>>> print(open('final00.cif').read())   # mmCIF, C-alpha atoms
data_structure
#
loop_
_atom_site.label_atom_id
_atom_site.label_comp_id
_atom_site.auth_asym_id
_atom_site.auth_seq_id
_atom_site.Cartn_x
_atom_site.Cartn_y
_atom_site.Cartn_z
CA MET U 1 0.33 -14.52 -26.00
CA GLU U 2 3.56 -16.27 -24.95
CA VAL U 3 6.77 -15.28 -23.22
CA THR U 4 9.31 -14.97 -26.02
CA ASP U 5 12.77 -13.46 -26.46
CA SER U 6 11.25 -10.79 -28.70
CA LEU U 7 8.83 -9.78 -25.91
CA LYS U 8 11.76 -9.48 -23.50
CA LEU U 9 13.64 -7.33 -26.03
CA GLU U 10 10.51 -5.19 -26.47
CA ILE U 11 10.33 -4.70 -22.69
CA LYS U 12 14.01 -3.72 -22.53
CA ASN U 13 13.50 -1.20 -25.32
CA MET U 14 10.41 0.19 -23.60
CA ILE U 15 12.38 0.67 -20.37
CA MET U 16 15.30 2.34 -22.15
CA THR U 17 13.04 4.69 -24.10
CA THR U 18 10.86 5.54 -21.09
CA LEU U 19 13.81 6.25 -18.82
CA ASN U 20 15.94 7.77 -21.58
CA ILE U 21 18.82 5.38 -20.85
CA THR U 22 21.73 5.94 -23.22
CA ASP U 23 24.66 4.37 -21.40
CA ALA U 24 23.56 0.75 -21.83
CA THR U 25 22.20 -1.43 -24.61
CA PRO U 26 19.41 -4.04 -24.37
CA ASP U 27 21.84 -6.95 -24.73
CA MET U 28 23.71 -5.75 -21.62
CA ILE U 29 20.60 -6.19 -19.44
CA ASP U 30 20.36 -9.60 -17.77
CA ASN U 31 16.89 -11.14 -17.93
CA GLU U 32 16.95 -12.72 -14.47
CA GLU U 33 19.03 -10.30 -12.37
CA PRO U 34 16.83 -7.91 -10.34
CA LEU U 35 16.65 -4.42 -11.84
CA PHE U 36 16.68 -2.72 -8.43
CA SER U 37 19.65 -4.58 -6.96
CA GLY U 38 22.49 -2.53 -8.46
CA LYS U 39 23.93 -5.71 -10.00
CA ASN U 40 22.30 -5.46 -13.43
CA ALA U 41 23.49 -3.22 -16.29
CA ILE U 42 20.81 -0.70 -15.30
CA THR U 43 19.61 0.12 -11.79
CA LEU U 44 16.10 1.36 -11.23
CA ASP U 45 14.66 3.33 -8.33
CA SER U 46 11.06 3.77 -7.17
CA VAL U 47 10.51 6.76 -9.48
CA ASP U 48 11.69 4.67 -12.44
CA ALA U 49 9.34 1.91 -11.29
CA LEU U 50 6.38 4.27 -11.48
CA GLU U 51 7.48 5.46 -14.94
CA ILE U 52 7.56 1.81 -16.08
CA ILE U 53 4.19 1.03 -14.48
CA MET U 54 2.68 3.85 -16.55
CA ALA U 55 4.57 2.79 -19.69
CA ILE U 56 3.17 -0.77 -19.31
CA GLN U 57 -0.32 0.73 -18.98
CA ARG U 58 0.19 2.81 -22.15
CA THR U 59 1.86 0.04 -24.19
CA TYR U 60 -0.04 -3.07 -23.13
CA GLY U 61 -3.21 -1.63 -21.58
CA ILE U 62 -2.44 -3.28 -18.23
CA ARG U 63 -3.04 -1.26 -15.06
CA ILE U 64 -0.77 -2.37 -12.22
CA ALA U 65 -2.88 -1.33 -9.29
CA ASP U 66 -1.01 -2.35 -6.20
CA GLN U 67 2.56 -2.24 -5.04
CA ALA U 68 2.82 -5.92 -4.03
CA GLU U 69 2.00 -6.77 -7.62
CA ALA U 70 4.36 -4.08 -8.91
CA ARG U 71 7.18 -5.14 -6.62
CA TYR U 72 7.22 -8.67 -7.99
CA SER U 73 6.23 -8.08 -11.57
CA LEU U 74 8.86 -5.36 -12.07
CA ARG U 75 11.67 -7.20 -10.32
CA SER U 76 13.38 -8.46 -13.49
CA ILE U 77 12.87 -8.62 -17.25
CA ASN U 78 11.69 -12.25 -16.92
CA SER U 79 9.12 -11.40 -14.22
CA MET U 80 7.84 -8.45 -16.28
CA ALA U 81 7.42 -10.69 -19.35
CA ASP U 82 5.62 -13.35 -17.27
CA PHE U 83 3.34 -10.72 -15.76
CA ILE U 84 2.43 -9.10 -19.08
CA VAL U 85 1.67 -12.47 -20.68
CA SER U 86 -0.44 -13.66 -17.75
CA GLU U 87 -2.44 -10.41 -17.75
CA LYS U 88 -2.95 -10.41 -21.53
CA ASN U 89 -4.13 -14.03 -21.42
CA LYS U 90 -6.72 -13.38 -18.70
CA MET C 1 7.47 -26.59 17.68
CA THR C 2 5.37 -27.31 14.60
CA THR C 3 4.13 -24.87 12.02
CA ILE C 4 0.42 -24.06 12.16
CA PRO C 5 -1.35 -24.90 8.88
CA TYR C 6 -1.88 -21.49 7.29
CA LYS C 7 -2.75 -20.56 3.72
CA HIS C 8 -0.41 -17.72 2.78
CA GLN C 9 -1.56 -14.90 0.48
CA MET C 10 0.11 -11.84 -0.99
CA ALA C 11 -1.71 -8.53 -0.66
CA ALA C 12 -1.52 -4.90 -1.72
CA HIS C 13 -1.19 -3.55 1.80
CA CYS C 14 0.21 -5.13 4.96
CA GLU C 15 -2.54 -4.28 7.45
CA SER C 16 -5.55 -5.11 5.27
CA GLY C 17 -3.62 -8.09 3.85
CA THR C 18 -2.75 -9.50 7.27
CA LEU C 19 -6.34 -9.10 8.47
CA THR C 20 -7.81 -10.62 5.31
CA THR C 21 -5.51 -13.66 5.34
CA MET C 22 -6.14 -14.20 9.04
CA LEU C 23 -9.93 -14.07 8.56
CA ASN C 24 -9.72 -16.36 5.51
CA ASN C 25 -7.68 -18.87 7.52
CA ASN C 26 -10.34 -18.78 10.21
CA GLY C 27 -13.10 -19.66 7.79
CA LEU C 28 -14.42 -16.25 6.71
CA ALA C 29 -14.29 -15.66 2.95
CA ILE C 30 -13.54 -11.99 2.30
CA THR C 31 -11.21 -10.19 -0.12
CA GLU C 32 -8.71 -7.49 0.78
CA PRO C 33 -10.51 -4.71 -1.17
CA MET C 34 -13.85 -5.73 0.39
CA LEU C 35 -12.35 -5.52 3.88
CA PHE C 36 -10.81 -2.15 2.97
CA GLY C 37 -14.18 -0.81 1.78
CA ILE C 38 -16.29 -2.20 4.59
CA THR C 39 -13.90 -0.70 7.15
CA ASN C 40 -13.93 2.67 5.29
CA GLY C 41 -10.18 2.56 4.82
CA ILE C 42 -10.16 5.31 2.20
CA PHE C 43 -9.30 8.69 3.69
CA PHE C 44 -7.37 11.90 3.24
CA GLY C 45 -5.75 14.14 5.81
CA TYR C 46 -3.26 17.00 5.43
CA PHE C 47 -1.27 18.15 8.45
CA HIS C 48 0.53 21.40 7.95
CA HIS C 49 3.77 22.44 9.58
CA SER C 50 3.13 22.75 13.35
CA LYS C 51 4.57 21.83 16.74
CA SER C 52 3.52 18.22 16.11
CA PHE C 53 4.74 18.07 12.52
CA ALA C 54 8.27 19.22 11.75
CA PHE C 55 7.22 19.25 8.09
CA PRO C 56 3.75 18.99 6.48
CA ALA C 57 2.47 15.43 6.13
CA PHE C 58 -0.53 13.76 4.57
CA ILE C 59 -2.28 10.41 4.89
CA VAL C 60 -4.39 8.60 2.32
CA ARG C 61 -5.89 5.85 4.48
CA SER C 62 -7.34 5.49 7.95
CA ARG C 63 -4.98 5.31 10.95
CA PRO C 64 -3.05 2.06 11.54
CA GLY C 65 -5.20 -0.22 13.69
CA GLU C 66 -8.47 1.42 12.60
CA MET C 67 -9.31 -1.30 10.06
CA ARG C 68 -8.93 -3.98 12.75
CA LYS C 69 -11.12 -2.04 15.17
CA ILE C 70 -13.86 -1.49 12.57
CA THR C 71 -13.60 -5.15 11.52
CA GLN C 72 -14.54 -6.02 15.09
CA LYS C 73 -17.38 -3.56 15.25
CA ARG C 74 -18.85 -4.09 11.80
CA LEU C 75 -18.21 -7.77 11.09
CA GLY C 76 -18.52 -9.04 14.66
CA VAL C 77 -14.99 -10.48 14.76
CA LYS C 78 -13.38 -10.54 18.23
CA PHE C 79 -9.63 -10.07 18.48
CA ALA C 80 -7.34 -10.58 21.47
CA THR C 81 -4.66 -7.87 21.54
CA ALA C 82 -1.62 -7.24 23.73
CA THR C 83 1.35 -4.88 24.03
CA PHE C 84 4.42 -5.40 26.20
CA ARG C 85 6.96 -3.20 27.97
CA ASP C 86 9.33 -6.10 28.50
CA PRO C 87 10.65 -7.74 25.29
CA ASP C 88 11.28 -11.05 27.11
CA LYS C 89 7.64 -11.21 28.19
CA GLY C 90 6.51 -10.20 24.70
CA MET C 91 8.51 -12.98 23.05
CA SER C 92 7.35 -15.56 25.62
CA ALA C 93 3.71 -14.58 25.07
CA LEU C 94 4.14 -15.13 21.33
CA ASP C 95 5.73 -18.56 21.92
CA ARG C 96 2.91 -19.58 24.24
CA LEU C 97 0.29 -18.72 21.62
CA LEU C 98 2.22 -20.64 18.96
CA GLU C 99 2.35 -23.66 21.27
CA MET C 100 -1.44 -23.43 21.44
CA ASN C 101 -1.50 -23.54 17.61
CA ILE C 102 -2.63 -19.93 17.28
CA ALA C 103 -1.26 -17.87 14.39
CA VAL C 104 -0.38 -14.41 15.70
CA ALA C 105 -0.32 -11.08 13.84
CA ASN C 106 2.59 -8.81 14.85
CA GLN C 107 3.22 -5.09 14.43
CA VAL C 108 6.88 -4.68 13.49
CA ASP C 109 9.53 -2.34 12.13
CA PHE C 110 9.66 -3.29 8.43
CA PHE C 111 13.44 -2.79 8.30
CA TYR C 112 14.15 -6.03 10.18
CA MET C 113 12.22 -8.26 7.78
CA ASP C 114 15.46 -9.87 6.56
CA TYR C 115 13.74 -12.10 4.01
CA LEU C 116 12.97 -9.05 1.84
CA PRO C 117 15.67 -7.58 -0.40
CA GLU C 118 17.80 -4.93 1.31
CA TRP C 119 16.81 -2.19 -1.13
CA GLU C 120 13.13 -2.58 -0.24
CA ARG C 121 13.53 -2.29 3.53
CA VAL C 122 13.05 0.99 5.36
CA HIS C 123 12.29 1.83 8.98
CA ILE C 124 8.50 1.91 9.32
CA ASN C 125 7.06 0.90 12.67
CA VAL C 126 3.61 0.00 11.38
CA HIS C 127 4.26 -3.07 9.27
CA PHE C 128 2.04 -6.09 9.98
CA MET C 129 2.77 -9.78 9.39
CA THR C 130 1.72 -13.09 10.94
CA VAL C 131 3.91 -15.58 12.81
CA ILE C 132 2.66 -19.12 12.32
CA GLY C 133 5.37 -21.29 13.87
CA LYS C 134 8.91 -21.71 15.11
CA GLU C 135 11.79 -23.91 13.98
CA GLY C 136 14.89 -23.69 16.15
CA ASP C 137 15.90 -20.02 16.31
CA ASP C 138 13.66 -19.04 13.38
CA TYR C 139 10.05 -18.00 13.36
CA ILE C 140 7.88 -19.01 10.39
CA VAL C 141 6.29 -15.91 8.93
CA SER C 142 3.40 -15.17 6.58
CA ASP C 143 4.07 -11.66 5.23
CA SER C 144 1.69 -10.31 2.58
CA TYR C 145 4.64 -8.59 0.84
CA PHE C 146 6.49 -11.88 0.32
CA PRO C 147 5.38 -14.55 -2.16
CA ARG C 148 5.60 -17.55 0.20
CA LEU C 149 5.97 -18.51 3.86
CA THR C 150 9.41 -17.56 5.10
CA HIS C 151 11.76 -17.62 8.10
CA LEU C 152 12.83 -14.78 10.39
CA HIS C 153 15.51 -15.16 13.05
CA LYS C 154 14.30 -14.65 16.63
CA ASP C 155 16.75 -11.73 17.14
CA SER C 156 15.38 -9.90 14.09
CA LEU C 157 11.79 -10.43 15.22
CA ARG C 158 12.61 -9.19 18.70
CA LYS C 159 14.27 -6.04 17.31
CA ALA C 160 11.35 -5.50 14.92
CA ARG C 161 8.67 -5.89 17.62
CA PHE C 162 10.44 -3.65 20.11
CA ALA C 163 11.91 -0.99 17.82
CA GLY C 164 11.87 2.53 19.23
CA GLY C 165 10.77 5.78 17.62
CA ASN C 166 7.53 7.16 16.28
CA MET C 167 4.59 4.72 16.55
CA SER C 168 6.83 2.07 18.09
CA PRO C 169 5.11 -1.35 18.05
CA LYS C 170 5.68 -2.10 21.78
CA GLY C 171 5.46 -5.79 20.88
CA PHE C 172 1.84 -5.41 19.72
CA ILE C 173 0.21 -8.72 18.75
CA PHE C 174 -3.30 -9.81 17.93
CA HIS C 175 -5.20 -12.93 16.97
CA PRO C 176 -8.89 -13.72 16.49
CA LEU C 177 -10.95 -15.17 19.33
CA TYR C 178 -14.17 -15.36 17.34
CA VAL C 179 -14.81 -15.12 13.61
CA PRO C 180 -18.37 -15.25 12.26
CA GLU C 181 -19.19 -17.70 9.49
CA GLU C 182 -20.71 -15.17 7.12
CA ILE C 183 -20.96 -11.48 6.32
CA HIS C 184 -24.23 -9.60 5.87
CA TYR C 185 -23.03 -7.60 2.89
CA GLU C 186 -26.40 -5.82 2.49
CA THR C 187 -25.81 -4.17 5.87
CA VAL C 188 -22.07 -3.67 6.11
CA ILE C 189 -21.25 -2.43 2.58
CA PRO C 190 -23.62 0.59 2.82
CA LYS C 191 -22.28 1.33 6.32
CA GLY C 192 -18.70 1.35 5.03
CA ILE C 193 -19.64 3.54 2.06
CA ARG C 194 -21.65 5.95 4.20
CA LYS C 195 -18.83 6.43 6.69
CA ALA C 196 -16.23 6.86 3.93
CA CYS C 197 -18.38 9.54 2.27
CA TYR C 198 -18.93 11.25 5.62
CA ASN C 199 -15.20 11.28 6.33
CA MET C 200 -14.36 12.62 2.88
CA LEU C 201 -17.12 15.27 2.74
CA LYS C 202 -18.61 16.16 6.08
CA LEU C 203 -16.17 15.60 8.91
CA PRO C 204 -16.03 19.07 10.46
CA VAL C 205 -12.25 19.33 10.39
CA PRO C 206 -10.65 21.71 7.86
CA PHE C 207 -7.77 19.42 6.96
CA ILE C 208 -9.62 16.09 6.53
CA GLY C 209 -11.25 14.61 3.42
CA VAL C 210 -11.81 16.78 0.35
CA LYS C 211 -11.13 19.87 2.49
CA GLY C 212 -7.78 18.30 3.30
CA ILE C 213 -6.92 17.83 -0.38
CA ARG C 214 -7.78 21.53 -0.95
CA LYS C 215 -5.68 22.50 2.08
CA PHE C 216 -2.81 20.50 0.60
CA ALA C 217 -3.33 22.28 -2.74
CA SER C 218 -3.27 25.72 -1.18
CA ARG C 219 -0.31 25.06 1.12
CA ILE C 220 2.04 23.11 -1.14
CA THR C 221 3.20 26.33 -2.82
CA GLU C 222 4.54 27.38 0.63
CA TRP C 223 6.72 24.29 0.95
CA PRO C 224 9.83 26.01 -0.49
CA THR C 225 9.70 28.49 2.43
CA LEU C 226 9.67 25.59 4.92
CA THR C 227 12.74 23.82 3.55
CA ARG C 228 16.43 24.55 4.09
CA ASP C 229 17.46 24.27 0.43
CA THR C 230 16.60 22.64 -2.90
CA GLU C 231 17.94 19.30 -1.70
CA HIS C 232 15.57 19.32 1.27
CA LEU C 233 12.62 20.42 -0.87
CA SER C 234 13.42 17.72 -3.41
CA HIS C 235 13.44 15.11 -0.64
CA GLU C 236 10.05 16.25 0.67
CA ILE C 237 8.47 16.44 -2.79
CA MET C 238 9.70 12.93 -3.62
CA LYS C 239 8.14 11.66 -0.40
CA ILE C 240 4.76 12.40 -2.04
CA ASN C 241 5.46 9.55 -4.45
CA ILE C 242 6.58 7.27 -1.63
CA LEU C 243 3.40 7.90 0.37
CA LEU C 244 1.09 7.50 -2.62
CA GLU C 245 2.74 4.65 -4.44
CA ASP C 246 5.82 3.15 -2.90
CA GLN C 247 4.87 1.73 0.48
CA GLY C 248 2.13 -0.81 -0.09
CA THR C 249 -0.62 1.67 -0.70
CA GLY C 250 -3.06 -0.36 -2.72
CA GLY C 251 -2.05 1.85 -5.66
CA ALA C 252 -2.53 5.59 -6.22
CA GLY C 253 -3.08 6.31 -2.56
CA PHE C 254 -5.49 3.37 -2.11
CA ARG C 255 -7.87 4.72 -4.77
CA TYR C 256 -7.44 1.61 -6.97
CA MET C 257 -8.22 -0.65 -4.03
CA TYR C 258 -11.39 1.30 -3.32
CA ALA C 259 -12.36 0.99 -7.00
CA THR C 260 -12.01 -2.80 -6.73
CA PHE C 261 -14.13 -2.74 -3.58
CA LEU C 262 -16.91 -0.92 -5.47
CA GLN C 263 -16.69 -3.45 -8.30
CA GLN C 264 -17.14 -6.29 -5.80
CA ALA C 265 -19.91 -4.36 -4.02
CA ALA C 266 -21.79 -4.14 -7.33
CA GLU C 267 -21.72 -7.94 -7.59
CA LYS C 268 -22.56 -8.64 -3.96
CA LEU C 269 -25.49 -6.21 -3.82
CA ASN C 270 -26.53 -6.62 -7.44
CA ARG C 271 -26.31 -2.85 -7.94
CA SER C 272 -24.88 -2.07 -11.35
CA GLU C 273 -24.35 1.64 -10.56
CA TYR C 274 -21.39 0.66 -8.40
CA HIS C 275 -19.62 -0.58 -11.55
CA ASP C 276 -19.78 3.00 -12.86
CA PHE C 277 -18.52 4.35 -9.54
CA SER C 278 -15.67 1.84 -9.72
CA LYS C 279 -14.67 3.10 -13.18
CA GLN C 280 -14.78 6.69 -11.95
CA MET C 281 -12.59 5.82 -8.96
CA MET C 282 -10.09 4.07 -11.26
CA GLU C 283 -9.85 7.33 -13.24
CA ILE C 284 -9.36 9.30 -10.02
CA GLY C 285 -6.61 6.80 -9.13
CA ASP C 286 -4.97 7.40 -12.52
CA ASN C 287 -4.96 11.13 -11.75
CA TRP C 288 -3.38 10.57 -8.31
CA ARG C 289 -0.75 8.44 -10.05
CA LYS C 290 -0.07 11.22 -12.58
CA PHE C 291 0.28 13.70 -9.70
CA SER C 292 2.63 11.30 -7.91
CA LEU C 293 4.77 10.79 -11.00
CA PHE C 294 4.93 14.53 -11.69
CA ALA C 295 6.08 15.15 -8.09
CA ALA C 296 8.65 12.35 -8.35
CA ARG C 297 10.02 13.69 -11.65
CA ILE C 298 10.42 17.31 -10.54
CA GLY C 299 11.87 16.16 -7.21
CA LYS C 300 14.37 13.84 -8.85
CA ASN C 301 15.43 16.48 -11.40
CA ARG C 302 15.53 19.25 -8.73
CA ASP C 303 13.19 21.18 -11.04
CA LEU C 304 11.29 22.90 -8.24
CA GLY C 305 10.67 26.46 -9.35
CA PRO C 306 7.45 28.38 -8.47
CA GLU C 307 5.84 27.35 -11.76
CA LYS C 308 6.24 23.66 -10.97
CA MET C 309 4.94 24.09 -7.42
CA LYS C 310 1.92 25.90 -8.89
CA GLN C 311 1.34 23.00 -11.27
CA LEU C 312 1.38 20.57 -8.33
CA SER C 313 -1.16 22.77 -6.56
CA GLU C 314 -3.43 22.90 -9.63
CA MET C 315 -3.32 19.11 -9.99
CA LEU C 316 -4.41 18.78 -6.35
CA TYR C 317 -7.28 21.25 -6.78
CA GLU C 318 -8.44 19.19 -9.74
CA LEU C 319 -8.24 15.98 -7.68
CA ALA C 320 -10.19 17.62 -4.85
CA GLY C 321 -12.95 18.54 -7.31
CA MET C 322 -13.05 15.01 -8.74
CA GLU C 323 -13.22 13.41 -5.31
CA GLU C 324 -15.85 15.87 -4.08
CA ASN C 325 -18.15 15.08 -7.02
CA PHE C 326 -17.47 11.38 -6.69
CA PHE C 327 -18.23 11.10 -2.98
CA LYS C 328 -21.29 13.39 -3.24
CA ASP C 329 -22.78 11.07 -5.86
CA LEU C 330 -21.76 7.95 -3.95
CA TYR C 331 -23.35 9.33 -0.76
CA GLN C 332 -26.71 9.46 -2.58
CA THR C 333 -26.65 5.67 -2.98
CA VAL C 334 -26.67 4.79 0.73
#
>>> encode(input="final00.cif", output="structure tokens")
Amino acid sequence: MEVTDSLKLEIKNMIMTTLNITDATPDMIDNEEPLFSGKNAITLDSVDALEIIMAIQRTYGIRIADQAEARYSLRSINSMADFIVSEKNK
Amino acid sequence: MTTIPYKHQMAAHCESGTLTTMLNNNGLAITEPMLFGITNGIFFGYFHHSKSFAFPAFIVRSRPGEMRKITQKRLGVKFATATFRDPDKGMSALDRLLEMNIAVANQVDFFYMDYLPEWERVHINVHFMTVIGKEGDDYIVSDSYFPRLTHLHKDSLRKARFAGGNMSPKGFIFHPLYVPEEIHYETVIPKGIRKACYNMLKLPVPFIGVKGIRKFASRITEWPTLTRDTEHLSHEIMKINILLEDQGTGGAGFRYMYATFLQQAAEKLNRSEYHDFSKQMMEIGDNWRKFSLFAARIGKNRDLGPEKMKQLSEMLYELAGMEENFFKDLYQTV
């Protein structure tokens, strides 16, 4: 598995569906800008983070066990894509 | 002053992570989950509304400092520890140790760790990190929540070490004086498991272990009567998620970390049944995570009617049953 633009789009769609976000579109979300900073098109909180952790488990079969891992892998779209690829390639 | 050579590592939890990295850097190979398991870090306690607790609280791991103390007792490590009333003396003591090329673990208020993003920082007086050097006005820090070695200004470190409030650090520092070369896993793993099972099943206190989870289940439906309004109740219910998942917990209230410990115990002791226990504990962790997410959702949406509180209670009763069966079976193995 490789990090591709289509994977990043898939992740954005997963986030929008999981969190029921209707006031933004995937192309508005910056891949590098942190999703918790308030500077991206969407801003997540810790409840959203847990929703996404569980969505990643359902979608990709990857269990994110600890918060240090979660904190860095969920930081941005790019870090999420890197994390999913590295876990799938293990 | 130079920086002490120190191999930095990230970790799930600050206390077990700081201890593990410190032991690794002093020649003892041990993983964070193994340290957590050997020091019987898994726990549960529910403290209902009382004179000591303005609002009910629960804990999912042993008290801060307990893992270090049990590391000494069980693994034979010797630590030097110190607290200070005077911040000047506390900072000077740290500098003296650094001059002697000793990396020093510090208890700090997490809020002042300026290298972390602002939105992650909250006031918690029991964060642990290691100072490994000084460059001008900055200390060089190894923090298990940060991906690499980083800098912290001396003023921030001083504020963090001498913050006031509940469980204030009082400049607490520690560093190892003696670290053994190896671990007798055949002895210490069963001891850690036995004590964890005892704490979860047999400790004769009605709010500790599985009894504590049941106490939580029975009392959570009373929470609405203890809060001022929906906003307050929502805040308290959402804190469940923070305590279980959001503050470096090792995942699902440390249950995932314990599952990893059991997996590693199976390898170390060549006992395949611990693989099955590990899988069971992962499933228990998944259920804690579901409970946490349910609490977070109803808190966030202010959907806190009696039916929802009852659902929370039922989920906890189910978790209590799962943990009771799990620890009873695990107890039989040691």
>>> closest_residue(input="final00.cif", among="C:Met167, C:Met113, C:Met67, C:Ile59", to="Gly192 (chain C)", atoms="all atoms listed in the file")
C:Met67
>>> resolve_selection(input="final00.cif", expression="the PyMOL selection byres ((chain U and resi 38-47) around 7)", output="count of residues only")
15
>>> residues_around(input="final00.cif", residues="region 53-64 of chain U", least_positions_apart="5", cutoff="10 Å", atoms="all atoms listed in the file", output="list of chain:residue names")
U:Ile11, U:Met14, U:Ile15, U:Thr17, U:Thr18, U:Leu19, U:Val47, U:Asp48, U:Glu69, U:Ala70, U:Ser73, U:Leu74, U:Met80, U:Phe83, U:Ile84, U:Val85, U:Glu87, U:Lys88, C:Gly250, C:Gly251, C:Tyr256, C:Met282, C:Asp286, C:Arg289, C:Lys290, C:Leu293
>>> residues_around(input="final00.cif", residues="Asp143 (chain C)", least_positions_apart="6", cutoff="8 Å", atoms="only C-alpha atoms", output="list in words")
His8, Met10, Cys14, Thr18, Phe128, Met129, Thr130, Leu149 and Thr150 of chain C
>>> closest_residue(input="final00.cif", among="C:Val179, C:Ala259, C:Ala82, C:Ile193", to="chain U", atoms="all atoms listed in the file")
C:Ala259
>>> atom_distance(input="final00.cif", atom1="CA of His123 (chain C)", atom2="CA of Asp109 (chain C)")
5.9 Å
>>> closest_residue(input="final00.cif", among="C:Ser156, C:Thr20, C:Ser50, C:Gln9", to="chain U", atoms="all atoms listed in the file")
C:Gln9
>>> closest_atom_pairs(input="final00.cif", of="chain C", to="chain U", cutoff="10 Å", atoms="all atoms listed in the file", output="Markdown table")
| residue | atom | partner | partner_atom | distance |
| --- | --- | --- | --- | --- |
| C:Met10 | CA | U:Ala68 | CA | 7.2 |
| C:Ala11 | CA | U:Ala68 | CA | 6.2 |
| C:Ala12 | CA | U:Ala68 | CA | 5.0 |
| C:His13 | CA | U:Ala68 | CA | 7.5 |
| C:Cys14 | CA | U:Ala68 | CA | 9.4 |
| C:Pro117 | CA | U:Ser37 | CA | 8.2 |
| C:Glu118 | CA | U:Ser37 | CA | 8.5 |
| C:Trp119 | CA | U:Ser37 | CA | 6.9 |
| C:Glu120 | CA | U:Phe36 | CA | 8.9 |
| C:Ser144 | CA | U:Ala68 | CA | 8.0 |
| C:Tyr145 | CA | U:Ala68 | CA | 5.8 |
| C:Phe146 | CA | U:Ala68 | CA | 8.2 |
| C:Pro147 | CA | U:Tyr72 | CA | 8.5 |
| C:Met238 | CA | U:Val47 | CA | 8.5 |
| C:Asn241 | CA | U:Val47 | CA | 7.7 |
| C:Ile242 | CA | U:Ser46 | CA | 7.9 |
| C:Glu245 | CA | U:Gln67 | CA | 6.9 |
| C:Asp246 | CA | U:Gln67 | CA | 6.7 |
| C:Gln247 | CA | U:Gln67 | CA | 7.2 |
| C:Gly248 | CA | U:Gln67 | CA | 5.2 |
| C:Thr249 | CA | U:Gln67 | CA | 6.7 |
| C:Gly250 | CA | U:Asp66 | CA | 4.5 |
| C:Gly251 | CA | U:Asp66 | CA | 4.4 |
| C:Ala252 | CA | U:Ala65 | CA | 7.6 |
| C:Gly253 | CA | U:Asp66 | CA | 9.6 |
| C:Phe254 | CA | U:Asp66 | CA | 8.3 |
| C:Arg255 | CA | U:Ala65 | CA | 9.1 |
| C:Tyr256 | CA | U:Ala65 | CA | 5.9 |
| C:Met257 | CA | U:Ala65 | CA | 7.5 |
| C:Thr260 | CA | U:Ala65 | CA | 9.6 |
| C:Met282 | CA | U:Ala65 | CA | 9.2 |
| C:Gly285 | CA | U:Ala65 | CA | 8.9 |
| C:Asp286 | CA | U:Arg63 | CA | 9.2 |
| C:Arg289 | CA | U:Leu50 | CA | 8.4 |
| C:Lys290 | CA | U:Met54 | CA | 8.8 |
| C:Ser292 | CA | U:Leu50 | CA | 8.7 |
| C:Leu293 | CA | U:Leu50 | CA | 6.7 |
| C:Phe294 | CA | U:Val47 | CA | 9.8 |
| C:Ala295 | CA | U:Val47 | CA | 9.6 |
| C:Ala296 | CA | U:Val47 | CA | 6.0 |
| C:Arg297 | CA | U:Val47 | CA | 7.3 |
| C:Gly299 | CA | U:Val47 | CA | 9.8 |
| C:Lys300 | CA | U:Val47 | CA | 8.1 |
>>> atom_distance(input="final00.cif", atom1="CA of Leu330 (chain C)", atom2="CA of Leu312 (chain C)")
26.7 Å
>>> atom_distance(input="final00.cif", atom1="CA of Leu269 (chain C)", atom2="CA of Glu182 (chain C)")
14.9 Å
>>> residues_around(input="final00.cif", residues="Tyr317 (chain C)", least_positions_apart="6", cutoff="8 Å", atoms="all atoms listed in the file", output="JSON list (two decimals) with C-alpha atoms, in the frame of the given file")
[["chain", "number", "residue", "atom", "x", "y", "z"],
["C", 213, "ILE", "CA", -6.92, 17.83, -0.38],
["C", 214, "ARG", "CA", -7.78, 21.53, -0.95],
["C", 217, "ALA", "CA", -3.33, 22.28, -2.74]]
>>> resolve_selection(input="final00.cif", expression="the PyMOL selection byres ((chain C and resi 87-101) around 8)", output="PDB file with C-alpha atoms, keeping the file's coordinate frame")
ATOM      1  CA  MET C   1       7.470 -26.590  17.680  1.00  0.00           C
ATOM      2  CA  ILE C   4       0.420 -24.060  12.160  1.00  0.00           C
ATOM      3  CA  THR C  83       1.350  -4.880  24.030  1.00  0.00           C
ATOM      4  CA  PHE C  84       4.420  -5.400  26.200  1.00  0.00           C
ATOM      5  CA  ARG C  85       6.960  -3.200  27.970  1.00  0.00           C
ATOM      6  CA  ASP C  86       9.330  -6.100  28.500  1.00  0.00           C
ATOM      7  CA  ILE C 102      -2.630 -19.930  17.280  1.00  0.00           C
ATOM      8  CA  ALA C 103      -1.260 -17.870  14.390  1.00  0.00           C
ATOM      9  CA  VAL C 104      -0.380 -14.410  15.700  1.00  0.00           C
ATOM     10  CA  ILE C 132       2.660 -19.120  12.320  1.00  0.00           C
ATOM     11  CA  GLY C 133       5.370 -21.290  13.870  1.00  0.00           C
ATOM     12  CA  LYS C 134       8.910 -21.710  15.110  1.00  0.00           C
ATOM     13  CA  ARG C 158      12.610  -9.190  18.700  1.00  0.00           C
ATOM     14  CA  PHE C 162      10.440  -3.650  20.110  1.00  0.00           C
ATOM     15  CA  GLY C 171       5.460  -5.790  20.880  1.00  0.00           C
ATOM     16  CA  ILE C 173       0.210  -8.720  18.750  1.00  0.00           C
TER      17      ILE C 173
END
>>> residues_around(input="final00.cif", residues="region 318-321 of chain C", least_positions_apart="4", cutoff="9 Å", atoms="all atoms listed in the file", output="PyMOL selection string")
chain C and resi 209-214+217+284+287-288+313-314+325-326
>>> residues_around(input="final00.cif", residues="Asp82 (chain U)", least_positions_apart="4", cutoff="9 Å", atoms="only C-alpha atoms", output="PyMOL selection string")
chain U and resi 2-3+73+77-78+86-87
